[in-house]
Amino acid sequence: MTTATALPAAAGTALPPPGPADSAVRPVVRPARPGEEDALARALADAFADDALMLWAFPDPDHRARVLPAFFRVHVEQCQAHGGALTVHRAAGDGGADDGATDGEPLGALLFLPPGRWEAPGPRDGAATAALAEAIGAAGHGEPARRLAAITRLQTLRHPRHRSHHYLAFVGVRPGARGTRAGWALLHAFLTEVDTAGQAAYAETSSPSGARLLARGGFARFGEALALPGGGPRLAPVWRGPR
């Protein structure tokens with residue numbers, strides 16, 4: 001797994017070079033470590049606090065603020081169990097990008113599932129469904145539970161089950177880290193791993209910024225957008241073939 005953002009892409013890839021970044025931030029990407037689940041969940045909760053999909057799924061702002069860290073904690077645990085959690089930090093001191101040293105809380109995170117895991121979940125993946133219902137307080141918050149179920153139904157209908165791929169579940173950086181190249185660093189590290197394995201990648205984007213980031217990484221639209229009910233946002237499926 002890629003451990004630093006400066007590593008070159010695998011042979012045959014066509015990843016563009018990193019763009020301009022805030023000179024005060026040099027992002028370093030590495031796999032998430034045991035014990036970092038809460039920190040990654042907080043980072044993703046901050047990153048998605050203003051995302052259209054989360055605003056729709058959790059319409060009450062107080063409830064949304066309370067449950068997003070728990071919501072993402074479930075996803076972090078699920079993906080981390082399959083080696084699918086990357087974190088990006090500010091590089092520590094003046095060391096090179098390959099020294100692995102990092103400072104402070106993560107700037108963001110990327111979660112993914114390896115080929116076949118989304119389509120054929122194991123016992124731990126199945127347990128994540130119950131954990132997610134508990135995390136959002138489904139018993140007392142029926143509307144968010146129904147909206148999350150609607151998202152899952154649409155994703156299930158459109159997921160490319162018969163084409164081997166890595167599934168990119170979430171990638172996000174904290175608002176204060178936007179414009180620092182941290183998001184691209186995460187995606188570049190993920191795609192380097194995907195290309196090393198000779199695999200494809202699939203995702204659904206819920207924001208214009210997310211769509212631009214994935215397009216920069218070589219993803220292209222994959223069929224019609226998923227239209228959520230009741231005037232909800234549209235999710236754009238995207239696909240990136242093996243390189």
# chains A, B, ... in the order shown; residues from 1 in each chain; ligands from 1

$ select_by_dssp --residues "segment 161-239 of chain A" --states "strand (DSSP E)" --output "list in words"
His165, His166, Tyr167, Leu168, Ala169, Phe170, Val171, Gly172, Val173, Ala200, Ala201, Tyr202, Ala203, Glu204, Thr205, Ala220, Arg221, Leu226, Ala227, Arg234, Leu235, Ala236, Pro237, Val238 and Trp239 of chain A

$ atom_distance --atom1 "atom CA of Ala32 of chain A" --atom2 "atom CA of Ala85 of chain A"
5.5 Å

$ atom_distance --atom1 "atom CA of Gln199 of chain A" --atom2 "atom CA of Leu157 of chain A"
21.9 Å

$ closest_residue --among "A:Phe48, A:Tyr202, A:Trp239, A:Phe58" --to "Val171 of chain A" --atoms "only C-alpha atoms"
A:Phe48

$ residues_around --residues "Leu113 of chain A" --least-positions-apart "6" --cutoff "10 Å" --atoms "only C-alpha atoms" --output "JSON, numbers by chain"
{"A": [78, 79, 80, 81, 82, 83, 84, 85, 119, 165, 166, 167, 168, 169, 201]}

$ residues_around --residues "Arg234 of chain A" --least-positions-apart "2" --cutoff "10 Å" --atoms "only C-alpha atoms" --output "MDAnalysis selection string"
chainID A and resid 52:53 204:207 224:229 231:232 236:237

$ closest_residue --among "A:Ala203, A:Arg221, A:Ser164, A:Leu40" --to "Gly104 of chain A" --atoms "only C-alpha atoms"
A:Leu40

$ atom_distance --atom1 "atom CA of Phe112 of chain A" --atom2 "atom CA of Val28 of chain A"
18.2 Å

$ residues_around --residues "Leu186 of chain A" --least-positions-apart "4" --cutoff "12 Å" --atoms "only C-alpha atoms" --output "PDB file with N, CA, C and O atoms, in the first residue's frame"
ATOM      1  N   MET A   1       0.844  -1.193   0.000  1.00  0.00           N
ATOM      2  CA  MET A   1       0.000   0.000   0.000  1.00  0.00           C
ATOM      3  C   MET A   1       0.879   1.243   0.000  1.00  0.00           C
ATOM      4  O   MET A   1       1.906   1.298   0.675  1.00  0.00           O
ATOM      5  N   THR A   2       0.474   2.242  -0.762  1.00  0.00           N
ATOM      6  CA  THR A   2       1.236   3.473  -0.835  1.00  0.00           C
ATOM      7  C   THR A   2       1.301   4.155   0.526  1.00  0.00           C
ATOM      8  O   THR A   2       0.309   4.282   1.217  1.00  0.00           O
ATOM      9  N   THR A   3       2.479   4.641   0.881  1.00  0.00           N
ATOM     10  CA  THR A   3       2.644   5.268   2.187  1.00  0.00           C
ATOM     11  C   THR A   3       3.076   6.719   2.111  1.00  0.00           C
ATOM     12  O   THR A   3       3.217   7.366   3.127  1.00  0.00           O
ATOM     13  N   ALA A   4       3.315   7.243   0.925  1.00  0.00           N
ATOM     14  CA  ALA A   4       3.681   8.656   0.808  1.00  0.00           C
ATOM     15  C   ALA A   4       3.171   9.198  -0.507  1.00  0.00           C
ATOM     16  O   ALA A   4       3.134   8.498  -1.512  1.00  0.00           O
ATOM     17  N   THR A   5       2.781  10.448  -0.531  1.00  0.00           N
ATOM     18  CA  THR A   5       2.140  11.003  -1.713  1.00  0.00           C
ATOM     19  C   THR A   5       3.105  11.215  -2.858  1.00  0.00           C
ATOM     20  O   THR A   5       2.693  11.405  -3.981  1.00  0.00           O
ATOM     21  N   ALA A   6       4.407  11.209  -2.600  1.00  0.00           N
ATOM     22  CA  ALA A   6       5.361  11.486  -3.658  1.00  0.00           C
ATOM     23  C   ALA A   6       5.706  10.256  -4.484  1.00  0.00           C
ATOM     24  O   ALA A   6       6.459  10.357  -5.440  1.00  0.00           O
ATOM     25  N   LEU A   7       5.189   9.089  -4.138  1.00  0.00           N
ATOM     26  CA  LEU A   7       5.499   7.891  -4.899  1.00  0.00           C
ATOM     27  C   LEU A   7       4.933   7.988  -6.301  1.00  0.00           C
ATOM     28  O   LEU A   7       3.828   8.474  -6.508  1.00  0.00           O
ATOM     29  N   PRO A  18       0.763  16.253  -9.140  1.00  0.00           N
ATOM     30  CA  PRO A  18       0.082  17.100  -8.171  1.00  0.00           C
ATOM     31  C   PRO A  18       0.105  18.558  -8.606  1.00  0.00           C
ATOM     32  O   PRO A  18       1.067  19.025  -9.204  1.00  0.00           O
ATOM     33  N   PRO A  27       1.123  17.402   2.399  1.00  0.00           N
ATOM     34  CA  PRO A  27       0.368  16.232   2.838  1.00  0.00           C
ATOM     35  C   PRO A  27       1.141  14.933   2.662  1.00  0.00           C
ATOM     36  O   PRO A  27       1.828  14.730   1.676  1.00  0.00           O
ATOM     37  N   VAL A  28       1.015  14.066   3.647  1.00  0.00           N
ATOM     38  CA  VAL A  28       1.612  12.730   3.623  1.00  0.00           C
ATOM     39  C   VAL A  28       0.491  11.718   3.836  1.00  0.00           C
ATOM     40  O   VAL A  28      -0.275  11.821   4.791  1.00  0.00           O
ATOM     41  N   VAL A  29       0.394  10.749   2.944  1.00  0.00           N
ATOM     42  CA  VAL A  29      -0.651   9.725   3.015  1.00  0.00           C
ATOM     43  C   VAL A  29      -0.044   8.416   3.502  1.00  0.00           C
ATOM     44  O   VAL A  29       1.064   8.040   3.107  1.00  0.00           O
ATOM     45  N   ARG A  30      -0.784   7.733   4.354  1.00  0.00           N
ATOM     46  CA  ARG A  30      -0.372   6.405   4.824  1.00  0.00           C
ATOM     47  C   ARG A  30      -1.622   5.602   5.176  1.00  0.00           C
ATOM     48  O   ARG A  30      -2.711   6.166   5.336  1.00  0.00           O
ATOM     49  N   PRO A  31      -1.481   4.279   5.323  1.00  0.00           N
ATOM     50  CA  PRO A  31      -2.623   3.488   5.779  1.00  0.00           C
ATOM     51  C   PRO A  31      -3.009   3.880   7.201  1.00  0.00           C
ATOM     52  O   PRO A  31      -2.150   4.226   8.024  1.00  0.00           O
ATOM     53  N   ALA A  32      -4.284   3.822   7.497  1.00  0.00           N
ATOM     54  CA  ALA A  32      -4.750   4.076   8.862  1.00  0.00           C
ATOM     55  C   ALA A  32      -4.251   2.973   9.784  1.00  0.00           C
ATOM     56  O   ALA A  32      -4.080   1.819   9.378  1.00  0.00           O
ATOM     57  N   GLY A  84      -8.683  -1.036   3.753  1.00  0.00           N
ATOM     58  CA  GLY A  84      -9.170   0.002   2.857  1.00  0.00           C
ATOM     59  C   GLY A  84      -9.368   1.352   3.502  1.00  0.00           C
ATOM     60  O   GLY A  84     -10.379   2.019   3.210  1.00  0.00           O
ATOM     61  N   ALA A  85      -8.448   1.775   4.361  1.00  0.00           N
ATOM     62  CA  ALA A  85      -8.549   3.093   4.985  1.00  0.00           C
ATOM     63  C   ALA A  85      -7.213   3.811   4.861  1.00  0.00           C
ATOM     64  O   ALA A  85      -6.183   3.304   5.343  1.00  0.00           O
ATOM     65  N   LEU A  86      -7.210   4.969   4.221  1.00  0.00           N
ATOM     66  CA  LEU A  86      -6.028   5.813   4.091  1.00  0.00           C
ATOM     67  C   LEU A  86      -6.271   7.117   4.825  1.00  0.00           C
ATOM     68  O   LEU A  86      -7.397   7.627   4.848  1.00  0.00           O
ATOM     69  N   THR A  87      -5.216   7.671   5.399  1.00  0.00           N
ATOM     70  CA  THR A  87      -5.317   8.937   6.095  1.00  0.00           C
ATOM     71  C   THR A  87      -4.243   9.882   5.578  1.00  0.00           C
ATOM     72  O   THR A  87      -3.160   9.436   5.160  1.00  0.00           O
ATOM     73  N   VAL A  88      -4.549  11.170   5.561  1.00  0.00           N
ATOM     74  CA  VAL A  88      -3.580  12.171   5.118  1.00  0.00           C
ATOM     75  C   VAL A  88      -3.325  13.141   6.265  1.00  0.00           C
ATOM     76  O   VAL A  88      -4.257  13.587   6.937  1.00  0.00           O
ATOM     77  N   HIS A  89      -2.048  13.433   6.492  1.00  0.00           N
ATOM     78  CA  HIS A  89      -1.624  14.316   7.574  1.00  0.00           C
ATOM     79  C   HIS A  89      -0.696  15.394   7.028  1.00  0.00           C
ATOM     80  O   HIS A  89      -0.124  15.262   5.953  1.00  0.00           O
ATOM     81  N   PRO A 106      -5.679  14.034  11.539  1.00  0.00           N
ATOM     82  CA  PRO A 106      -5.682  13.868  10.079  1.00  0.00           C
ATOM     83  C   PRO A 106      -6.393  15.010   9.380  1.00  0.00           C
ATOM     84  O   PRO A 106      -7.383  15.550   9.882  1.00  0.00           O
ATOM     85  N   LEU A 107      -5.873  15.375   8.224  1.00  0.00           N
ATOM     86  CA  LEU A 107      -6.516  16.385   7.390  1.00  0.00           C
ATOM     87  C   LEU A 107      -7.732  15.807   6.672  1.00  0.00           C
ATOM     88  O   LEU A 107      -8.637  16.544   6.280  1.00  0.00           O
ATOM     89  N   GLY A 108      -7.743  14.505   6.484  1.00  0.00           N
ATOM     90  CA  GLY A 108      -8.835  13.850   5.780  1.00  0.00           C
ATOM     91  C   GLY A 108      -8.591  12.356   5.711  1.00  0.00           C
ATOM     92  O   GLY A 108      -7.630  11.832   6.282  1.00  0.00           O
ATOM     93  N   ALA A 109      -9.453  11.668   4.976  1.00  0.00           N
ATOM     94  CA  ALA A 109      -9.352  10.211   4.883  1.00  0.00           C
ATOM     95  C   ALA A 109     -10.000   9.727   3.595  1.00  0.00           C
ATOM     96  O   ALA A 109     -10.829  10.437   2.994  1.00  0.00           O
ATOM     97  N   LEU A 110      -9.623   8.536   3.185  1.00  0.00           N
ATOM     98  CA  LEU A 110     -10.233   7.853   2.038  1.00  0.00           C
ATOM     99  C   LEU A 110     -10.545   6.436   2.467  1.00  0.00           C
ATOM    100  O   LEU A 110      -9.696   5.752   3.044  1.00  0.00           O
ATOM    101  N   LEU A 111     -11.766   5.994   2.177  1.00  0.00           N
ATOM    102  CA  LEU A 111     -12.217   4.643   2.521  1.00  0.00           C
ATOM    103  C   LEU A 111     -12.583   3.894   1.248  1.00  0.00           C
ATOM    104  O   LEU A 111     -13.245   4.443   0.364  1.00  0.00           O
ATOM    105  N   PHE A 112     -12.154   2.634   1.174  1.00  0.00           N
ATOM    106  CA  PHE A 112     -12.498   1.826   0.010  1.00  0.00           C
ATOM    107  C   PHE A 112     -12.622   0.367   0.407  1.00  0.00           C
ATOM    108  O   PHE A 112     -12.164  -0.052   1.475  1.00  0.00           O
ATOM    109  N   LEU A 168     -14.581   2.793  -4.227  1.00  0.00           N
ATOM    110  CA  LEU A 168     -14.206   3.976  -3.462  1.00  0.00           C
ATOM    111  C   LEU A 168     -15.454   4.488  -2.748  1.00  0.00           C
ATOM    112  O   LEU A 168     -16.372   5.019  -3.379  1.00  0.00           O
ATOM    113  N   PHE A 170     -15.652   6.678   0.292  1.00  0.00           N
ATOM    114  CA  PHE A 170     -15.613   8.072   0.720  1.00  0.00           C
ATOM    115  C   PHE A 170     -14.201   8.613   0.568  1.00  0.00           C
ATOM    116  O   PHE A 170     -13.226   7.907   0.861  1.00  0.00           O
ATOM    117  N   VAL A 171     -14.095   9.848   0.127  1.00  0.00           N
ATOM    118  CA  VAL A 171     -12.838  10.577   0.201  1.00  0.00           C
ATOM    119  C   VAL A 171     -13.184  12.018   0.552  1.00  0.00           C
ATOM    120  O   VAL A 171     -14.056  12.625  -0.064  1.00  0.00           O
ATOM    121  N   GLY A 172     -12.557  12.552   1.583  1.00  0.00           N
ATOM    122  CA  GLY A 172     -12.873  13.920   1.997  1.00  0.00           C
ATOM    123  C   GLY A 172     -11.777  14.497   2.867  1.00  0.00           C
ATOM    124  O   GLY A 172     -11.045  13.759   3.541  1.00  0.00           O
ATOM    125  N   VAL A 173     -11.658  15.821   2.834  1.00  0.00           N
ATOM    126  CA  VAL A 173     -10.711  16.524   3.694  1.00  0.00           C
ATOM    127  C   VAL A 173     -11.464  17.606   4.464  1.00  0.00           C
ATOM    128  O   VAL A 173     -12.503  18.104   4.021  1.00  0.00           O
ATOM    129  N   THR A 180      -5.218  22.464  -0.297  1.00  0.00           N
ATOM    130  CA  THR A 180      -3.852  22.122   0.108  1.00  0.00           C
ATOM    131  C   THR A 180      -3.325  20.879  -0.600  1.00  0.00           C
ATOM    132  O   THR A 180      -2.254  20.408  -0.261  1.00  0.00           O
ATOM    133  N   ARG A 181      -4.075  20.327  -1.509  1.00  0.00           N
ATOM    134  CA  ARG A 181      -3.703  19.128  -2.256  1.00  0.00           C
ATOM    135  C   ARG A 181      -3.892  17.859  -1.454  1.00  0.00           C
ATOM    136  O   ARG A 181      -3.527  16.757  -1.900  1.00  0.00           O
ATOM    137  N   ALA A 182      -4.484  17.942  -0.262  1.00  0.00           N
ATOM    138  CA  ALA A 182      -4.657  16.758   0.566  1.00  0.00           C
ATOM    139  C   ALA A 182      -5.611  15.761  -0.082  1.00  0.00           C
ATOM    140  O   ALA A 182      -5.395  14.545  -0.018  1.00  0.00           O
ATOM    141  N   PHE A 190      -4.546   6.051  -3.482  1.00  0.00           N
ATOM    142  CA  PHE A 190      -5.513   4.984  -3.748  1.00  0.00           C
ATOM    143  C   PHE A 190      -5.359   4.449  -5.169  1.00  0.00           C
ATOM    144  O   PHE A 190      -5.305   3.228  -5.390  1.00  0.00           O
ATOM    145  N   LEU A 191      -5.264   5.341  -6.150  1.00  0.00           N
ATOM    146  CA  LEU A 191      -5.183   4.900  -7.539  1.00  0.00           C
ATOM    147  C   LEU A 191      -3.863   4.215  -7.843  1.00  0.00           C
ATOM    148  O   LEU A 191      -3.805   3.318  -8.696  1.00  0.00           O
ATOM    149  N   THR A 192      -2.813   4.597  -7.155  1.00  0.00           N
ATOM    150  CA  THR A 192      -1.550   3.897  -7.318  1.00  0.00           C
ATOM    151  C   THR A 192      -1.695   2.437  -6.894  1.00  0.00           C
ATOM    152  O   THR A 192      -1.211   1.514  -7.564  1.00  0.00           O
ATOM    153  N   GLU A 193      -2.387   2.231  -5.777  1.00  0.00           N
ATOM    154  CA  GLU A 193      -2.628   0.855  -5.316  1.00  0.00           C
ATOM    155  C   GLU A 193      -3.532   0.100  -6.294  1.00  0.00           C
ATOM    156  O   GLU A 193      -3.287  -1.070  -6.619  1.00  0.00           O
ATOM    157  N   LEU A 213     -12.523  16.115  -8.724  1.00  0.00           N
ATOM    158  CA  LEU A 213     -11.374  15.372  -8.215  1.00  0.00           C
ATOM    159  C   LEU A 213     -11.263  14.013  -8.894  1.00  0.00           C
ATOM    160  O   LEU A 213     -10.177  13.615  -9.352  1.00  0.00           O
ATOM    161  N   LEU A 214     -12.379  13.287  -8.994  1.00  0.00           N
ATOM    162  CA  LEU A 214     -12.329  11.962  -9.598  1.00  0.00           C
ATOM    163  C   LEU A 214     -12.061  12.042 -11.099  1.00  0.00           C
ATOM    164  O   LEU A 214     -11.363  11.184 -11.650  1.00  0.00           O
ATOM    165  N   GLY A 217      -8.530  12.190 -11.703  1.00  0.00           N
ATOM    166  CA  GLY A 217      -7.889  10.892 -11.535  1.00  0.00           C
ATOM    167  C   GLY A 217      -8.221   9.884 -12.616  1.00  0.00           C
ATOM    168  O   GLY A 217      -7.797   8.731 -12.526  1.00  0.00           O
TER     169      GLY A 217
END
